[in-house]
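Right, one structure below, let's go through it.
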Amino acid sequence: MMRQPKVGAAQSSPTLPTPAQGVRWTTPIVETPGIVVLASWVWRLVRFLATLPFRFPVMVACLTASAGAWRWLDWPGLAGLWAAASVVSLVWWRTWPDSYRTCVTLRLLAWWRHLFVYKRHWQPVLVISGLAESYQERRYLPRIRRVRCNSWADYVRVSLVAGTSPADFEHRVTELAHGFAAPSCRVVVNGPRDITLEFPRRDTLAEPLDAFPITHHVDLNALPVGRREDGSPWLLRLHGTHVLVVGVTGAGKGSVIWSTVRAMLPALADGTAEVWAIDPKRMELAYGRDLFARYADTGESAVALLEKAVASMQERAERYAGKQRSHVPTTDDPFVAVLLDEVAFLTAYHPDRDIRRRAENAIATLTSQGRSVGFAVLAALQDPRKEVMNLRNFFPDKVALRLDEASQVDMVLGEGARERGAEAHLIDPTLPGVAYVRLEGSPTPVRVRAAYVCDRDITAMADGYGVAEGGTL
């Protein structure tokens, strides 16, 4: 028989296994010997002094010459040296101001902004904006390699932390611009772990541009239509591409169109180029209709013009087949620019479904086949949505004027354009003609402003360069 346990006696229980506990690895803390810390400081000081003449040659030369003059000639020698240097600097500034500005003024400005703007605020701005990385309880920051200035912007060259990408900075351009008190910020990729941050100091496009003077030479690959943010001319390529211009009412689409036509005037006069215009509003292009070889302002006539352009393009392509691969403008085979103002009227708003279908087919044919045979389409519209204009990808070059919504920026300029600094939705309404341009093969948007061609200029253009034989469809 089994014994019954005594009442009240403590009952022993079998020993339960102890649950396994995870092993936690921690970074060992090793105290650095003082001699190592001192040697590190000494090495940094020696490296700084050794590289100082190469980093700041003018400053080192001035300090060396001043010390030598004071050492051997005492105070009169030092005063004479600085007086002579002041006279030379004054003569240099008055005689060669551009050279003086490049070699002296802008370098001093770059040194000042490097030290008191970017280096001073670098750590707090990057930490708060989320661009600082942490690893094993240590914080790593991208390093400023160099700051360079020109007349309108600062260029901060940065070495990235291993494991990060330029996209991290592209997603934080707004935070960087506000952090360093700049109007905007753009990221330029130089190479692996090497980028340049572009911070404009002022808006060089705030003042309107008058119409450019008419030149005698026309380069259809570089038509001067405005100015870029860096002060260089905005040269619009039209031959061998197609251009889509998008902007709300009053954004300046007419400035882009008329500046393009103005730049082509000598070619229109000698017969090596033609402009076929479609103007559903009858208000924009009708003012200079004498400049156009063909003109249409109704849905039916516009479709007829587009189909005529397709037929001429296909006839030219048939003649070129097996003989030449690119087009050279001549009087027999002129370059043809098809201007479509308010193209959405033909692709979305016209009440006749057949007109919309025919217009869309003709535009798609021209934009997909016309580049190599000398036909280009320059189209303008207000609403870039797919249901309004589903042929955006057929236009290699795109111009985004002022837009209503932030999402429309990527619709027009392509995915990621807003992250690269194209803030077309933030363009001031008082700056018509200001736009962001994204060219074929270049992911970086460029800020530009088109010249304003007033009614008086258009009238003078039509009187001086109007075609003798025009056609209205």
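We name chains A, B, ... following the order of the structure tokens; residues begin at 1 in each chain, and ligands are numbered from 1 as shown.
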Give me, as a PyMOL selection string, the residues of stretch 161-219 of chain A that a backbone DSSP run labels alpha helix (DSSP H).
chain A and resi 166-170+173-179
Got time to write the residues from that selection, N, CA and C atoms, as a PDB file, in the first residue's frame?
ATOM      1  N   PRO A 166      22.097  59.624 -51.498  1.00  0.00           N
ATOM      2  CA  PRO A 166      21.640  60.993 -51.788  1.00  0.00           C
ATOM      3  C   PRO A 166      20.137  61.169 -51.626  1.00  0.00           C
ATOM      4  N   ALA A 167      19.375  60.076 -51.774  1.00  0.00           N
ATOM      5  CA  ALA A 167      17.924  60.193 -51.616  1.00  0.00           C
ATOM      6  C   ALA A 167      17.537  60.658 -50.219  1.00  0.00           C
ATOM      7  N   ASP A 168      18.356  60.317 -49.217  1.00  0.00           N
ATOM      8  CA  ASP A 168      18.072  60.786 -47.862  1.00  0.00           C
ATOM      9  C   ASP A 168      18.080  62.310 -47.795  1.00  0.00           C
ATOM     10  N   PHE A 169      19.015  62.938 -48.496  1.00  0.00           N
ATOM     11  CA  PHE A 169      19.054  64.400 -48.542  1.00  0.00           C
ATOM     12  C   PHE A 169      17.949  64.960 -49.430  1.00  0.00           C
ATOM     13  N   GLU A 170      17.641  64.277 -50.523  1.00  0.00           N
ATOM     14  CA  GLU A 170      16.582  64.746 -51.410  1.00  0.00           C
ATOM     15  C   GLU A 170      15.234  64.791 -50.710  1.00  0.00           C
ATOM     16  N   VAL A 173      15.078  68.293 -48.423  1.00  0.00           N
ATOM     17  CA  VAL A 173      15.515  69.576 -48.983  1.00  0.00           C
ATOM     18  C   VAL A 173      14.792  70.757 -48.337  1.00  0.00           C
ATOM     19  N   THR A 174      13.527  70.572 -47.981  1.00  0.00           N
ATOM     20  CA  THR A 174      12.793  71.666 -47.333  1.00  0.00           C
ATOM     21  C   THR A 174      13.377  71.972 -45.966  1.00  0.00           C
ATOM     22  N   GLU A 175      13.668  70.921 -45.175  1.00  0.00           N
ATOM     23  CA  GLU A 175      14.260  71.126 -43.855  1.00  0.00           C
ATOM     24  C   GLU A 175      15.633  71.770 -43.959  1.00  0.00           C
ATOM     25  N   LEU A 176      16.436  71.363 -44.940  1.00  0.00           N
ATOM     26  CA  LEU A 176      17.765  71.945 -45.110  1.00  0.00           C
ATOM     27  C   LEU A 176      17.678  73.410 -45.513  1.00  0.00           C
ATOM     28  N   ALA A 177      16.750  73.737 -46.412  1.00  0.00           N
ATOM     29  CA  ALA A 177      16.614  75.128 -46.845  1.00  0.00           C
ATOM     30  C   ALA A 177      16.231  76.028 -45.673  1.00  0.00           C
ATOM     31  N   HIS A 178      15.266  75.608 -44.874  1.00  0.00           N
ATOM     32  CA  HIS A 178      14.874  76.420 -43.725  1.00  0.00           C
ATOM     33  C   HIS A 178      15.956  76.411 -42.649  1.00  0.00           C
ATOM     34  N   GLY A 179      16.646  75.299 -42.501  1.00  0.00           N
ATOM     35  CA  GLY A 179      17.680  75.227 -41.477  1.00  0.00           C
ATOM     36  C   GLY A 179      18.819  76.191 -41.721  1.00  0.00           C
TER      37      GLY A 179
END
Within stretch 9-229 of chain A, find each residue whose DSSP state, derived from the backbone, is strand (DSSP E), and express the selection as a PyMOL selection string.
chain A and resi 133-135+138-140+143-149+153-159+186-191+194-200+223-228
Atom CA of A:Val225 and atom CA of A:Val399, how far apart in Å?
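Result for atom CA of A:Val399 versus atom CA of A:Val225: 12.4 Å, one decimal.
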Which residue, A:Arg262, A:Arg148, A:Arg356, A:His171, has the smallest gap to A:Ala460 when you use only C-alpha atoms?
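So, comparing all the options, the nearest one is A:Arg262.
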For A:Tyr349, which residue among A:Leu109, A:Gly68, A:Leu205, A:Gly299 is the nearest when counting only C-alpha atoms?
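Among A:Leu109, A:Gly68, A:Leu205, A:Gly299, it is A:Gly299 that comes nearest to A:Tyr349.
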Quick one: distance from atom CA of A:Ala273 to atom CA of A:Leu238 in Å, one decimal?
11.3 Å
What lies within 8 Å of A:Gly240 using only C-alpha atoms, ignoring chain neighbours under 3 positions off, as a list in words?
Asn221, Arg237, Arg371, Ser372, Gly374, Phe375 and Ala376 of chain A
For A:Ala362: contacts at 12 Å, only C-alpha atoms, fewer than 3 positions along chain excluded, given as a JSON list (two decimals) with N, CA and C atoms, in the first residue's frame:
[["chain", "number", "residue", "atom", "x", "y", "z"],
["A", 302, "ALA", "N", -8.78, 72.10, -86.19],
["A", 302, "ALA", "CA", -7.58, 71.68, -85.47],
["A", 302, "ALA", "C", -7.23, 70.24, -85.79],
["A", 303, "VAL", "N", -8.23, 69.36, -85.80],
["A", 303, "VAL", "CA", -7.98, 67.96, -86.14],
["A", 303, "VAL", "C", -7.51, 67.83, -87.58],
["A", 304, "ALA", "N", -8.10, 68.62, -88.46],
["A", 304, "ALA", "CA", -7.65, 68.58, -89.85],
["A", 304, "ALA", "C", -6.20, 69.02, -89.97],
["A", 305, "LEU", "N", -5.80, 70.04, -89.21],
["A", 305, "LEU", "CA", -4.41, 70.50, -89.25],
["A", 305, "LEU", "C", -3.48, 69.41, -88.71],
["A", 306, "LEU", "N", -3.86, 68.77, -87.61],
["A", 306, "LEU", "CA", -3.03, 67.72, -87.05],
["A", 306, "LEU", "C", -2.88, 66.55, -88.01],
["A", 307, "GLU", "N", -3.96, 66.15, -88.65],
["A", 307, "GLU", "CA", -3.90, 65.04, -89.60],
["A", 307, "GLU", "C", -3.12, 65.43, -90.85],
["A", 308, "LYS", "N", -3.16, 66.71, -91.23],
["A", 308, "LYS", "CA", -2.32, 67.18, -92.34],
["A", 308, "LYS", "C", -0.84, 67.10, -91.93],
["A", 309, "ALA", "N", -0.52, 67.45, -90.69],
["A", 309, "ALA", "CA", 0.86, 67.34, -90.22],
["A", 309, "ALA", "C", 1.31, 65.88, -90.19],
["A", 310, "VAL", "N", 0.44, 64.98, -89.78],
["A", 310, "VAL", "CA", 0.79, 63.56, -89.77],
["A", 310, "VAL", "C", 1.06, 63.06, -91.19],
["A", 311, "ALA", "N", 0.21, 63.46, -92.14],
["A", 311, "ALA", "CA", 0.40, 63.04, -93.53],
["A", 311, "ALA", "C", 1.72, 63.57, -94.09],
["A", 312, "SER", "N", 2.04, 64.84, -93.81],
["A", 312, "SER", "CA", 3.31, 65.41, -94.29],
["A", 312, "SER", "C", 4.50, 64.72, -93.63],
["A", 313, "MET", "N", 4.38, 64.40, -92.35],
["A", 313, "MET", "CA", 5.46, 63.71, -91.65],
["A", 313, "MET", "C", 5.69, 62.33, -92.25],
["A", 314, "GLN", "N", 4.63, 61.59, -92.50],
["A", 314, "GLN", "CA", 4.77, 60.24, -93.04],
["A", 314, "GLN", "C", 5.30, 60.27, -94.47],
["A", 338, "VAL", "N", 4.61, 72.41, -84.40],
["A", 338, "VAL", "CA", 3.16, 72.42, -84.21],
["A", 338, "VAL", "C", 2.87, 72.94, -82.81],
["A", 346, "LEU", "N", -8.81, 69.57, -77.03],
["A", 346, "LEU", "CA", -8.92, 68.55, -78.07],
["A", 346, "LEU", "C", -8.92, 67.14, -77.49],
["A", 347, "THR", "N", -8.24, 66.93, -76.36],
["A", 347, "THR", "CA", -8.10, 65.58, -75.83],
["A", 347, "THR", "C", -9.13, 65.22, -74.77],
["A", 355, "ILE", "N", -13.93, 63.67, -82.50],
["A", 355, "ILE", "CA", -12.88, 64.70, -82.58],
["A", 355, "ILE", "C", -11.80, 64.42, -81.55],
["A", 356, "ARG", "N", -12.19, 64.07, -80.34],
["A", 356, "ARG", "CA", -11.20, 63.79, -79.29],
["A", 356, "ARG", "C", -10.33, 62.59, -79.67],
["A", 357, "ARG", "N", -10.96, 61.56, -80.21],
["A", 357, "ARG", "CA", -10.21, 60.36, -80.57],
["A", 357, "ARG", "C", -9.23, 60.65, -81.70],
["A", 358, "ARG", "N", -9.67, 61.36, -82.74],
["A", 358, "ARG", "CA", -8.80, 61.67, -83.87],
["A", 358, "ARG", "C", -7.65, 62.59, -83.44],
["A", 359, "ALA", "N", -7.94, 63.58, -82.59],
["A", 359, "ALA", "CA", -6.89, 64.49, -82.12],
["A", 359, "ALA", "C", -5.85, 63.74, -81.31],
["A", 365, "THR", "N", 0.80, 60.14, -82.81],
["A", 365, "THR", "CA", 1.61, 59.79, -83.98],
["A", 365, "THR", "C", 2.73, 60.81, -84.19],
["A", 366, "LEU", "N", 2.39, 62.09, -84.06],
["A", 366, "LEU", "CA", 3.41, 63.12, -84.24],
["A", 366, "LEU", "C", 4.51, 63.03, -83.18],
["A", 367, "THR", "N", 4.13, 62.83, -81.93],
["A", 367, "THR", "CA", 5.12, 62.81, -80.86],
["A", 367, "THR", "C", 5.95, 61.53, -80.84],
["A", 368, "SER", "N", 5.43, 60.47, -81.44],
["A", 368, "SER", "CA", 6.18, 59.21, -81.43],
["A", 368, "SER", "C", 7.02, 59.00, -82.68],
["A", 369, "GLN", "N", 6.72, 59.72, -83.77],
["A", 369, "GLN", "CA", 7.43, 59.48, -85.03],
["A", 369, "GLN", "C", 8.03, 60.73, -85.65],
["A", 370, "GLY", "N", 7.72, 61.91, -85.14],
["A", 370, "GLY", "CA", 8.10, 63.12, -85.85],
["A", 370, "GLY", "C", 9.46, 63.68, -85.54],
["A", 377, "VAL", "N", 6.33, 69.05, -81.56],
["A", 377, "VAL", "CA", 5.07, 69.49, -80.96],
["A", 377, "VAL", "C", 5.39, 70.26, -79.69],
["A", 391, "LEU", "N", -0.97, 61.65, -72.70],
["A", 391, "LEU", "CA", 0.18, 61.54, -73.59],
["A", 391, "LEU", "C", 1.40, 62.26, -73.04]]
To one decimal place, how far is atom CA of A:Val412 from atom CA of A:Pro334 in Å?
29.8 Å
Contact residues around A:Asp463 with only C-alpha atoms at 12 Å, ignoring same-chain residues under 2 positions, as a PyMOL selection string
chain A and resi 265+269+287-291+456-461+465-468
Residue selection dump (N, CA, C and O atoms) as an mmCIF file, in the first residue's frame:
data_model
loop_
_atom_site.group_PDB
_atom_site.id
_atom_site.type_symbol
_atom_site.label_atom_id
_atom_site.label_comp_id
_atom_site.auth_asym_id
_atom_site.auth_seq_id
_atom_site.Cartn_x
_atom_site.Cartn_y
_atom_site.Cartn_z
ATOM 1 N N LEU A 265 12.176 83.484 -85.579
ATOM 2 C CA LEU A 265 11.744 84.390 -86.657
ATOM 3 C C LEU A 265 12.655 84.385 -87.889
ATOM 4 O O LEU A 265 12.158 84.308 -89.023
ATOM 5 N N ALA A 269 11.533 83.433 -91.709
ATOM 6 C CA ALA A 269 11.670 84.350 -92.844
ATOM 7 C C ALA A 269 12.375 83.706 -94.022
ATOM 8 O O ALA A 269 12.000 83.936 -95.185
ATOM 9 N N TYR A 287 -3.312 86.594 -82.086
ATOM 10 C CA TYR A 287 -2.744 87.935 -82.158
ATOM 11 C C TYR A 287 -1.613 88.013 -83.176
ATOM 12 O O TYR A 287 -1.363 89.076 -83.753
ATOM 13 N N GLY A 288 -0.914 86.912 -83.394
ATOM 14 C CA GLY A 288 0.180 86.911 -84.369
ATOM 15 C C GLY A 288 -0.012 85.858 -85.432
ATOM 16 O O GLY A 288 0.963 85.236 -85.872
ATOM 17 N N ARG A 289 -1.236 85.658 -85.886
ATOM 18 C CA ARG A 289 -1.534 84.575 -86.825
ATOM 19 C C ARG A 289 -0.827 84.736 -88.157
ATOM 20 O O ARG A 289 -0.629 83.755 -88.885
ATOM 21 N N ASP A 290 -0.409 85.961 -88.498
ATOM 22 C CA ASP A 290 0.319 86.150 -89.759
ATOM 23 C C ASP A 290 1.695 85.491 -89.740
ATOM 24 O O ASP A 290 2.318 85.328 -90.800
ATOM 25 N N LEU A 291 2.171 85.111 -88.559
ATOM 26 C CA LEU A 291 3.470 84.451 -88.472
ATOM 27 C C LEU A 291 3.391 82.958 -88.778
ATOM 28 O O LEU A 291 4.431 82.317 -88.971
ATOM 29 N N ARG A 456 2.820 94.632 -78.109
ATOM 30 C CA ARG A 456 3.547 95.488 -79.054
ATOM 31 C C ARG A 456 4.650 94.710 -79.756
ATOM 32 O O ARG A 456 4.868 94.870 -80.968
ATOM 33 N N ASP A 457 5.315 93.828 -79.017
ATOM 34 C CA ASP A 457 6.357 93.004 -79.628
ATOM 35 C C ASP A 457 5.765 92.035 -80.647
ATOM 36 O O ASP A 457 6.340 91.828 -81.717
ATOM 37 N N ILE A 458 4.616 91.443 -80.320
ATOM 38 C CA ILE A 458 3.992 90.488 -81.244
ATOM 39 C C ILE A 458 3.552 91.203 -82.510
ATOM 40 O O ILE A 458 3.706 90.683 -83.631
ATOM 41 N N THR A 459 3.001 92.414 -82.374
ATOM 42 C CA THR A 459 2.596 93.176 -83.551
ATOM 43 C C THR A 459 3.788 93.494 -84.444
ATOM 44 O O THR A 459 3.727 93.353 -85.675
ATOM 45 N N ALA A 460 4.900 93.883 -83.833
ATOM 46 C CA ALA A 460 6.103 94.158 -84.623
ATOM 47 C C ALA A 460 6.628 92.893 -85.283
ATOM 48 O O ALA A 460 7.102 92.931 -86.430
ATOM 49 N N MET A 461 6.546 91.771 -84.610
ATOM 50 C CA MET A 461 6.971 90.505 -85.198
ATOM 51 C C MET A 461 6.115 90.149 -86.411
ATOM 52 O O MET A 461 6.636 89.732 -87.459
ATOM 53 N N TYR A 465 7.834 89.915 -89.992
ATOM 54 C CA TYR A 465 8.152 88.536 -90.375
ATOM 55 C C TYR A 465 6.916 87.738 -90.767
ATOM 56 O O TYR A 465 6.981 86.500 -90.830
ATOM 57 N N GLY A 466 5.802 88.383 -91.014
ATOM 58 C CA GLY A 466 4.594 87.657 -91.397
ATOM 59 C C GLY A 466 4.784 86.902 -92.695
ATOM 60 O O GLY A 466 5.418 87.399 -93.634
ATOM 61 N N VAL A 467 4.245 85.672 -92.751
ATOM 62 C CA VAL A 467 4.407 84.852 -93.955
ATOM 63 C C VAL A 467 3.553 85.413 -95.066
ATOM 64 O O VAL A 467 2.465 85.939 -94.861
ATOM 65 N N ALA A 468 4.074 85.296 -96.276
ATOM 66 C CA ALA A 468 3.348 85.823 -97.434
ATOM 67 C C ALA A 468 2.141 84.963 -97.761
ATOM 68 O O ALA A 468 1.101 85.454 -98.177
#
If you count only C-alpha atoms, which residues fall within 7 Å of A:Val446, apart from same-chain ones fewer than 6 positions away, as a PyMOL selection string?
chain A and resi 436-438
For A:Gln408, which residue out of A:Ala39, A:Val246, A:Val336, A:Ile144 is the nearest one, using only C-alpha atoms?
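Under the stated criterion, the closest residue is A:Val246.
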Please list as an mmCIF file with all heavy atoms, in the first residue's frame every residue within 6 Å of A:Ser159, counting only C-alpha atoms and excluding residues in the same chain fewer than 4 positions away.
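That gives us around.cif:
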data_model
loop_
_atom_site.group_PDB
_atom_site.id
_atom_site.type_symbol
_atom_site.label_atom_id
_atom_site.label_comp_id
_atom_site.auth_asym_id
_atom_site.auth_seq_id
_atom_site.Cartn_x
_atom_site.Cartn_y
_atom_site.Cartn_z
ATOM 1 N N PRO A 142 27.422 63.446 -41.896
ATOM 2 C CA PRO A 142 28.097 63.735 -43.166
ATOM 3 C C PRO A 142 29.078 64.897 -42.979
ATOM 4 O O PRO A 142 28.836 65.802 -42.175
ATOM 5 C CB PRO A 142 26.949 64.102 -44.101
ATOM 6 C CG PRO A 142 25.735 63.482 -43.485
ATOM 7 C CD PRO A 142 25.960 63.507 -42.012
ATOM 8 N N ARG A 143 30.145 64.872 -43.712
ATOM 9 C CA ARG A 143 31.224 65.844 -43.513
ATOM 10 C C ARG A 143 31.242 66.861 -44.644
ATOM 11 O O ARG A 143 31.127 66.517 -45.830
ATOM 12 C CB ARG A 143 32.568 65.120 -43.455
ATOM 13 C CG ARG A 143 33.769 66.030 -43.216
ATOM 14 C CD ARG A 143 35.011 65.204 -42.959
ATOM 15 N NE ARG A 143 35.294 64.307 -44.065
ATOM 16 C CZ ARG A 143 36.042 64.642 -45.125
ATOM 17 N NH1 ARG A 143 36.562 65.864 -45.210
ATOM 18 N NH2 ARG A 143 36.270 63.764 -46.076
ATOM 19 N N ARG A 193 28.979 58.502 -52.627
ATOM 20 C CA ARG A 193 29.130 59.178 -51.338
ATOM 21 C C ARG A 193 29.609 60.618 -51.489
ATOM 22 O O ARG A 193 30.288 61.149 -50.625
ATOM 23 C CB ARG A 193 30.077 58.391 -50.416
ATOM 24 C CG ARG A 193 29.602 57.008 -50.052
ATOM 25 C CD ARG A 193 30.640 56.237 -49.238
ATOM 26 N NE ARG A 193 31.005 56.953 -48.021
ATOM 27 C CZ ARG A 193 31.952 56.556 -47.184
ATOM 28 N NH1 ARG A 193 32.622 55.443 -47.449
ATOM 29 N NH2 ARG A 193 32.249 57.246 -46.096
ATOM 30 N N ASP A 194 29.266 61.260 -52.598
ATOM 31 C CA ASP A 194 29.728 62.619 -52.873
ATOM 32 C C ASP A 194 28.586 63.406 -53.502
ATOM 33 O O ASP A 194 28.163 63.110 -54.622
ATOM 34 C CB ASP A 194 30.942 62.579 -53.806
ATOM 35 C CG ASP A 194 31.529 63.967 -54.031
ATOM 36 O OD1 ASP A 194 31.089 64.921 -53.364
ATOM 37 O OD2 ASP A 194 32.417 64.092 -54.895
#
